file target_7.cif (mmCIF, C-alpha atoms)
data_start
loop_
_atom_site.group_PDB
_atom_site.id
_atom_site.type_symbol
_atom_site.label_atom_id
_atom_site.label_comp_id
_atom_site.auth_asym_id
_atom_site.auth_seq_id
_atom_site.Cartn_x
_atom_site.Cartn_y
_atom_site.Cartn_z
ATOM 1 C CA TRP V 1 187.065 76.735 234.191
ATOM 2 C CA ASP V 2 185.877 76.032 237.729
ATOM 3 C CA THR V 3 184.988 79.680 238.328
ATOM 4 C CA SER V 4 182.857 80.024 235.203
ATOM 5 C CA LYS V 5 181.362 76.576 234.512
ATOM 6 C CA GLU V 6 177.899 77.550 235.729
ATOM 7 C CA ASN V 7 177.668 79.992 232.804
ATOM 8 C CA PHE V 8 178.126 77.304 230.152
ATOM 9 C CA GLN V 9 175.006 75.783 228.614
ATOM 10 C CA PRO V 10 175.360 71.992 228.196
ATOM 11 C CA LEU V 11 175.134 70.271 224.824
ATOM 12 C CA ARG V 12 173.800 66.738 224.297
ATOM 13 C CA LYS V 13 177.057 65.532 222.796
ATOM 14 C CA GLY V 14 179.145 67.515 225.260
ATOM 15 C CA ARG V 15 181.478 70.417 224.719
ATOM 16 C CA ASP V 16 185.072 70.451 223.534
ATOM 17 C CA ALA V 17 187.244 70.851 226.659
ATOM 18 C CA LYS V 18 189.939 72.691 224.725
ATOM 19 C CA ILE V 19 187.465 75.306 223.496
ATOM 20 C CA LEU V 20 185.959 75.686 226.978
ATOM 21 C CA THR V 21 189.382 76.318 228.469
ATOM 22 C CA GLU V 22 190.226 78.896 225.796
ATOM 23 C CA VAL V 23 186.886 80.667 226.176
ATOM 24 C CA SER V 24 186.991 80.870 229.950
ATOM 25 C CA ALA V 25 190.567 82.216 229.962
ATOM 26 C CA MET V 26 190.023 84.844 227.241
ATOM 27 C CA PRO V 27 189.081 88.445 228.145
ATOM 28 C CA GLN V 28 185.561 89.366 226.953
ATOM 29 C CA GLY V 29 186.680 91.998 224.404
ATOM 30 C CA GLU V 30 189.271 89.685 222.877
ATOM 31 C CA ARG V 31 186.750 86.864 222.757
ATOM 32 C CA ALA V 32 184.174 89.040 220.962
ATOM 33 C CA THR V 33 186.765 90.068 218.366
ATOM 34 C CA LYS V 34 187.820 86.466 217.776
ATOM 35 C CA ILE V 35 184.205 85.330 217.403
ATOM 36 C CA LYS V 36 183.476 88.110 214.929
ATOM 37 C CA GLU V 37 186.534 87.190 212.834
ATOM 38 C CA GLU V 38 185.725 83.471 212.826
ATOM 39 C CA ARG V 39 182.058 84.092 211.972
ATOM 40 C CA SER V 40 183.091 86.343 209.071
ATOM 41 C CA ALA V 41 185.486 83.670 207.835
ATOM 42 C CA PHE V 42 182.672 81.091 207.775
ATOM 43 C CA TRP V 43 180.305 83.427 205.904
ATOM 44 C CA GLU V 44 183.091 84.170 203.428
ATOM 45 C CA ALA V 45 183.766 80.445 202.983
ATOM 46 C CA LEU V 46 180.078 79.847 202.239
ATOM 47 C CA ALA V 47 179.850 82.789 199.850
ATOM 48 C CA THR V 48 182.909 81.774 197.855
ATOM 49 C CA TYR V 49 182.500 77.991 198.009
ATOM 50 C CA ALA V 50 182.852 76.453 194.559
ATOM 51 C CA GLY V 51 182.919 72.738 195.401
ATOM 52 C CA ASP V 52 180.264 70.041 195.228
ATOM 53 C CA ASP V 53 179.472 69.800 198.962
ATOM 54 C CA PRO V 54 178.486 73.111 200.620
ATOM 55 C CA LEU V 55 176.828 71.123 203.409
ATOM 56 C CA GLU V 56 180.306 70.289 204.730
ATOM 57 C CA VAL V 57 180.982 74.000 205.321
ATOM 58 C CA TRP V 58 177.564 74.474 206.912
ATOM 59 C CA VAL V 59 178.146 71.518 209.261
ATOM 60 C CA ARG V 60 181.500 72.943 210.379
ATOM 61 C CA PHE V 61 179.901 76.388 210.863
ATOM 62 C CA ILE V 62 177.041 74.964 212.947
ATOM 63 C CA LYS V 63 179.409 72.917 215.094
ATOM 64 C CA TRP V 64 181.583 75.990 215.618
ATOM 65 C CA ALA V 65 178.539 78.029 216.678
ATOM 66 C CA GLU V 66 177.360 75.338 219.104
ATOM 67 C CA GLN V 67 180.790 75.152 220.730
ATOM 68 C CA THR V 68 181.490 78.894 220.682
ATOM 69 C CA PHE V 69 178.281 80.333 222.099
ATOM 70 C CA THR V 70 178.494 78.731 225.494
ATOM 71 C CA SER V 71 175.766 80.539 227.406
ATOM 72 C CA GLY V 72 172.371 80.971 225.819
ATOM 73 C CA GLY V 73 173.635 81.224 222.257
ATOM 74 C CA ARG V 74 171.645 78.304 220.945
ATOM 75 C CA GLU V 75 168.502 80.341 220.360
ATOM 76 C CA THR V 76 170.197 83.567 219.278
ATOM 77 C CA GLU V 77 173.057 82.212 217.177
ATOM 78 C CA VAL V 78 172.526 78.548 216.323
ATOM 79 C CA LEU V 79 168.797 78.611 215.505
ATOM 80 C CA PRO V 80 169.082 81.308 212.787
ATOM 81 C CA LEU V 81 172.074 79.456 211.351
ATOM 82 C CA LEU V 82 170.124 76.187 211.181
ATOM 83 C CA GLU V 83 167.163 77.979 209.594
ATOM 84 C CA ARG V 84 169.348 79.533 206.922
ATOM 85 C CA CYS V 85 171.197 76.299 206.204
ATOM 86 C CA THR V 86 168.020 74.253 205.786
ATOM 87 C CA ARG V 87 166.379 76.944 203.639
ATOM 88 C CA GLU V 88 169.360 77.552 201.346
ATOM 89 C CA LEU V 89 170.134 73.895 200.767
ATOM 90 C CA ARG V 90 166.465 73.091 200.233
ATOM 91 C CA GLU V 91 166.301 75.822 197.568
ATOM 92 C CA THR V 92 169.582 75.031 195.793
ATOM 93 C CA ARG V 93 170.640 71.425 196.445
ATOM 94 C CA PHE V 94 167.495 69.622 197.531
ATOM 95 C CA GLU V 95 167.879 66.495 195.422
ATOM 96 C CA GLN V 96 171.559 66.153 196.328
ATOM 97 C CA TYR V 97 170.911 66.222 200.072
ATOM 98 C CA ARG V 98 167.438 64.682 200.383
ATOM 99 C CA ASP V 99 168.880 61.392 201.666
ATOM 100 C CA ASP V 100 172.068 62.735 203.279
ATOM 101 C CA ALA V 101 172.375 61.910 207.002
ATOM 102 C CA ARG V 102 174.252 65.174 207.657
ATOM 103 C CA TYR V 103 171.387 67.187 206.164
ATOM 104 C CA LEU V 104 168.906 65.234 208.286
ATOM 105 C CA ARG V 105 171.028 65.963 211.404
ATOM 106 C CA VAL V 106 170.790 69.682 210.642
ATOM 107 C CA TRP V 107 167.002 69.380 210.365
ATOM 108 C CA VAL V 108 166.770 67.415 213.624
ATOM 109 C CA LYS V 109 168.888 70.024 215.435
ATOM 110 C CA TYR V 110 166.592 72.674 214.000
ATOM 111 C CA ALA V 111 163.503 70.794 215.206
ATOM 112 C CA ASP V 112 165.110 70.413 218.636
ATOM 113 C CA LEU V 113 165.381 74.193 218.974
ATOM 114 C CA CYS V 114 161.934 75.028 217.568
ATOM 115 C CA LYS V 115 158.961 75.625 219.816
ATOM 116 C CA GLU V 116 156.771 73.340 217.678
ATOM 117 C CA PRO V 117 158.922 70.631 216.055
ATOM 118 C CA HIS V 118 155.903 68.629 214.905
ATOM 119 C CA ASP V 119 155.639 70.842 211.799
ATOM 120 C CA ILE V 120 159.299 70.172 210.999
ATOM 121 C CA PHE V 121 158.845 66.399 211.160
ATOM 122 C CA LYS V 122 155.698 66.597 209.021
ATOM 123 C CA PHE V 123 157.614 68.683 206.460
ATOM 124 C CA LEU V 124 160.446 66.127 206.415
ATOM 125 C CA GLN V 125 157.949 63.314 205.856
ATOM 126 C CA ALA V 126 156.057 65.171 203.137
ATOM 127 C CA ASN V 127 159.269 65.960 201.258
ATOM 128 C CA ASP V 128 160.872 62.540 201.775
ATOM 129 C CA ILE V 129 163.865 64.002 203.609
ATOM 130 C CA GLY V 130 165.855 61.467 205.632
ATOM 131 C CA GLN V 131 163.147 58.822 205.460
ATOM 132 C CA ARG V 132 165.708 56.049 204.986
ATOM 133 C CA HIS V 133 167.620 56.925 208.169
ATOM 134 C CA THR V 134 166.818 55.697 211.654
ATOM 135 C CA LEU V 135 167.695 59.125 213.053
ATOM 136 C CA PHE V 136 164.462 60.548 211.621
ATOM 137 C CA TYR V 137 162.300 57.936 213.314
ATOM 138 C CA GLU V 138 164.198 58.058 216.603
ATOM 139 C CA ALA V 139 163.993 61.855 216.798
ATOM 140 C CA TYR V 140 160.330 61.959 215.769
ATOM 141 C CA ALA V 141 159.421 59.215 218.260
ATOM 142 C CA ALA V 142 161.295 61.040 221.053
ATOM 143 C CA PHE V 143 159.349 64.217 220.299
ATOM 144 C CA LEU V 144 156.041 62.301 220.288
ATOM 145 C CA GLU V 145 156.899 60.632 223.603
ATOM 146 C CA ILE V 146 157.611 64.022 225.173
ATOM 147 C CA LYS V 147 154.173 65.163 223.974
ATOM 148 C CA GLY V 148 152.618 62.021 225.488
ATOM 149 C CA ALA V 149 151.612 60.468 222.164
ATOM 150 C CA TYR V 150 153.003 57.047 223.050
ATOM 151 C CA GLY V 151 150.913 55.090 220.544
ATOM 152 C CA LYS V 152 151.979 57.305 217.666
ATOM 153 C CA ALA V 153 155.593 57.129 218.869
ATOM 154 C CA ALA V 154 155.452 53.334 218.866
ATOM 155 C CA GLU V 155 154.336 53.386 215.232
#

call {"tool": "encode", "arguments": {"input": "target_7.cif", "output": "structure tokens"}}
result
Amino acid sequence: WDTSKENFQPLRKGRDAKILTEVSAMPQGERATKIKEERSAFWEALATYAGDDPLEVWVRFIKWAEQTFTSGGRETEVLPLLERCTRELRETRFEQYRDDARYLRVWVKYADLCKEPHDIFKFLQANDIGQRHTLFYEAYAAFLEIKGAYGKAAE
């Protein structure tokens, strides 16, 4: 771990120490094979899911991707995953997840990785997604503060 820690991109909620240890000790070829197998298993689980809560599988998949792609994978691996999750659930299960905090968390993570998150927050407001959760207002206010719109953030 000590010899490779500079190559690991930090996450806001931290990384799983067990996964970091496994990743840093695994040869690159073996690691790539394992990642490919695990990714395929998640896609298969999503494709064959027959239950009432596909968001649960998406959340596990996103968390796996965040923990697995330790250096620079957020933009190349996690962002497309978040985009697909938000799009698919919006098209198929919108009413079910409109007020679900997990769905809102996925949207906020997506906004965090986008170059212009303002459009994401406006979309969430216009479609009444997560409007009854403090997370929406905290995340939107944080974005506005970063942009220097302190008055709007205070609202």

call {"tool": "resolve_selection", "arguments": {"input": "target_7.cif", "expression": "the PyMOL selection byres ((chain V and resi 101) around 12)", "output": "JSON, numbers by chain"}}
result
{"V": [55, 56, 59, 96, 97, 98, 99, 100, 102, 103, 104, 105, 106, 107, 108, 129, 130, 131, 132, 133, 134, 135, 136]}

call {"tool": "atom_distance", "arguments": {"input": "target_7.cif", "atom1": "atom CA of Asp52 of chain V", "atom2": "atom CA of Ile35 of chain V"}}
result
27.2 Å

call {"tool": "residues_around", "arguments": {"input": "target_7.cif", "residues": "Phe61 of chain V", "least_positions_apart": "4", "cutoff": "8 Å", "atoms": "only C-alpha atoms", "output": "list in words"}}
result
Phe42, Val57 and Ala65 of chain V

call {"tool": "resolve_selection", "arguments": {"input": "target_7.cif", "expression": "the PyMOL selection byres ((chain V and resi 64) around 10)", "output": "number ranges by chain"}}
result
V: 19, 35, 38-39, 42, 58-63, 65-69, 78

call {"tool": "residues_around", "arguments": {"input": "target_7.cif", "residues": "Glu155 of chain V", "least_positions_apart": "6", "cutoff": "12 Å", "atoms": "all atoms listed in the file", "output": "PDB file with C-alpha atoms, in the coordinates of the input"}}
result
ATOM      1  CA  TYR V 137     162.300  57.936 213.314  1.00  0.00           C
ATOM      2  CA  GLU V 138     164.198  58.058 216.603  1.00  0.00           C
ATOM      3  CA  TYR V 140     160.330  61.959 215.769  1.00  0.00           C
ATOM      4  CA  ALA V 141     159.421  59.215 218.260  1.00  0.00           C
ATOM      5  CA  ALA V 142     161.295  61.040 221.053  1.00  0.00           C
ATOM      6  CA  LEU V 144     156.041  62.301 220.288  1.00  0.00           C
ATOM      7  CA  GLU V 145     156.899  60.632 223.603  1.00  0.00           C
ATOM      8  CA  ALA V 149     151.612  60.468 222.164  1.00  0.00           C
TER       9      ALA V 149
END

call {"tool": "residues_around", "arguments": {"input": "target_7.cif", "residues": "Leu79 of chain V", "least_positions_apart": "5", "cutoff": "10 Å", "atoms": "all atoms listed in the file", "output": "ChimeraX atom specification"}}
result
/V:62,65-66,73-74,84-85,109-114

call {"tool": "closest_residue", "arguments": {"input": "target_7.cif", "among": "V:Leu82, V:Glu75, V:Lys34, V:Tyr150", "to": "Lys115 of chain V", "atoms": "all atoms listed in the file"}}
result
V:Glu75

call {"tool": "atom_distance", "arguments": {"input": "target_7.cif", "atom1": "atom CA of Ala154 of chain V", "atom2": "atom CA of Lys122 of chain V"}}
result
16.5 Å

call {"tool": "atom_distance", "arguments": {"input": "target_7.cif", "atom1": "atom CA of Thr76 of chain V", "atom2": "atom CA of Ala139 of chain V"}}
result
22.7 Å

call {"tool": "axis_aligned_box", "arguments": {"input": "target_7.cif", "around": "segment 130-142 of chain V", "padding_each_side": "3 Å", "output": "JSON"}}
result
{"center_x": 163.6, "center_y": 58.8, "center_z": 213.0, "size_x": 14.3, "size_y": 12.3, "size_z": 22.1}

call {"tool": "closest_residue", "arguments": {"input": "target_7.cif", "among": "V:Lys152, V:Trp43, V:Phe143, V:Ile120", "to": "Leu81 of chain V", "atoms": "all atoms listed in the file"}}
result
V:Trp43
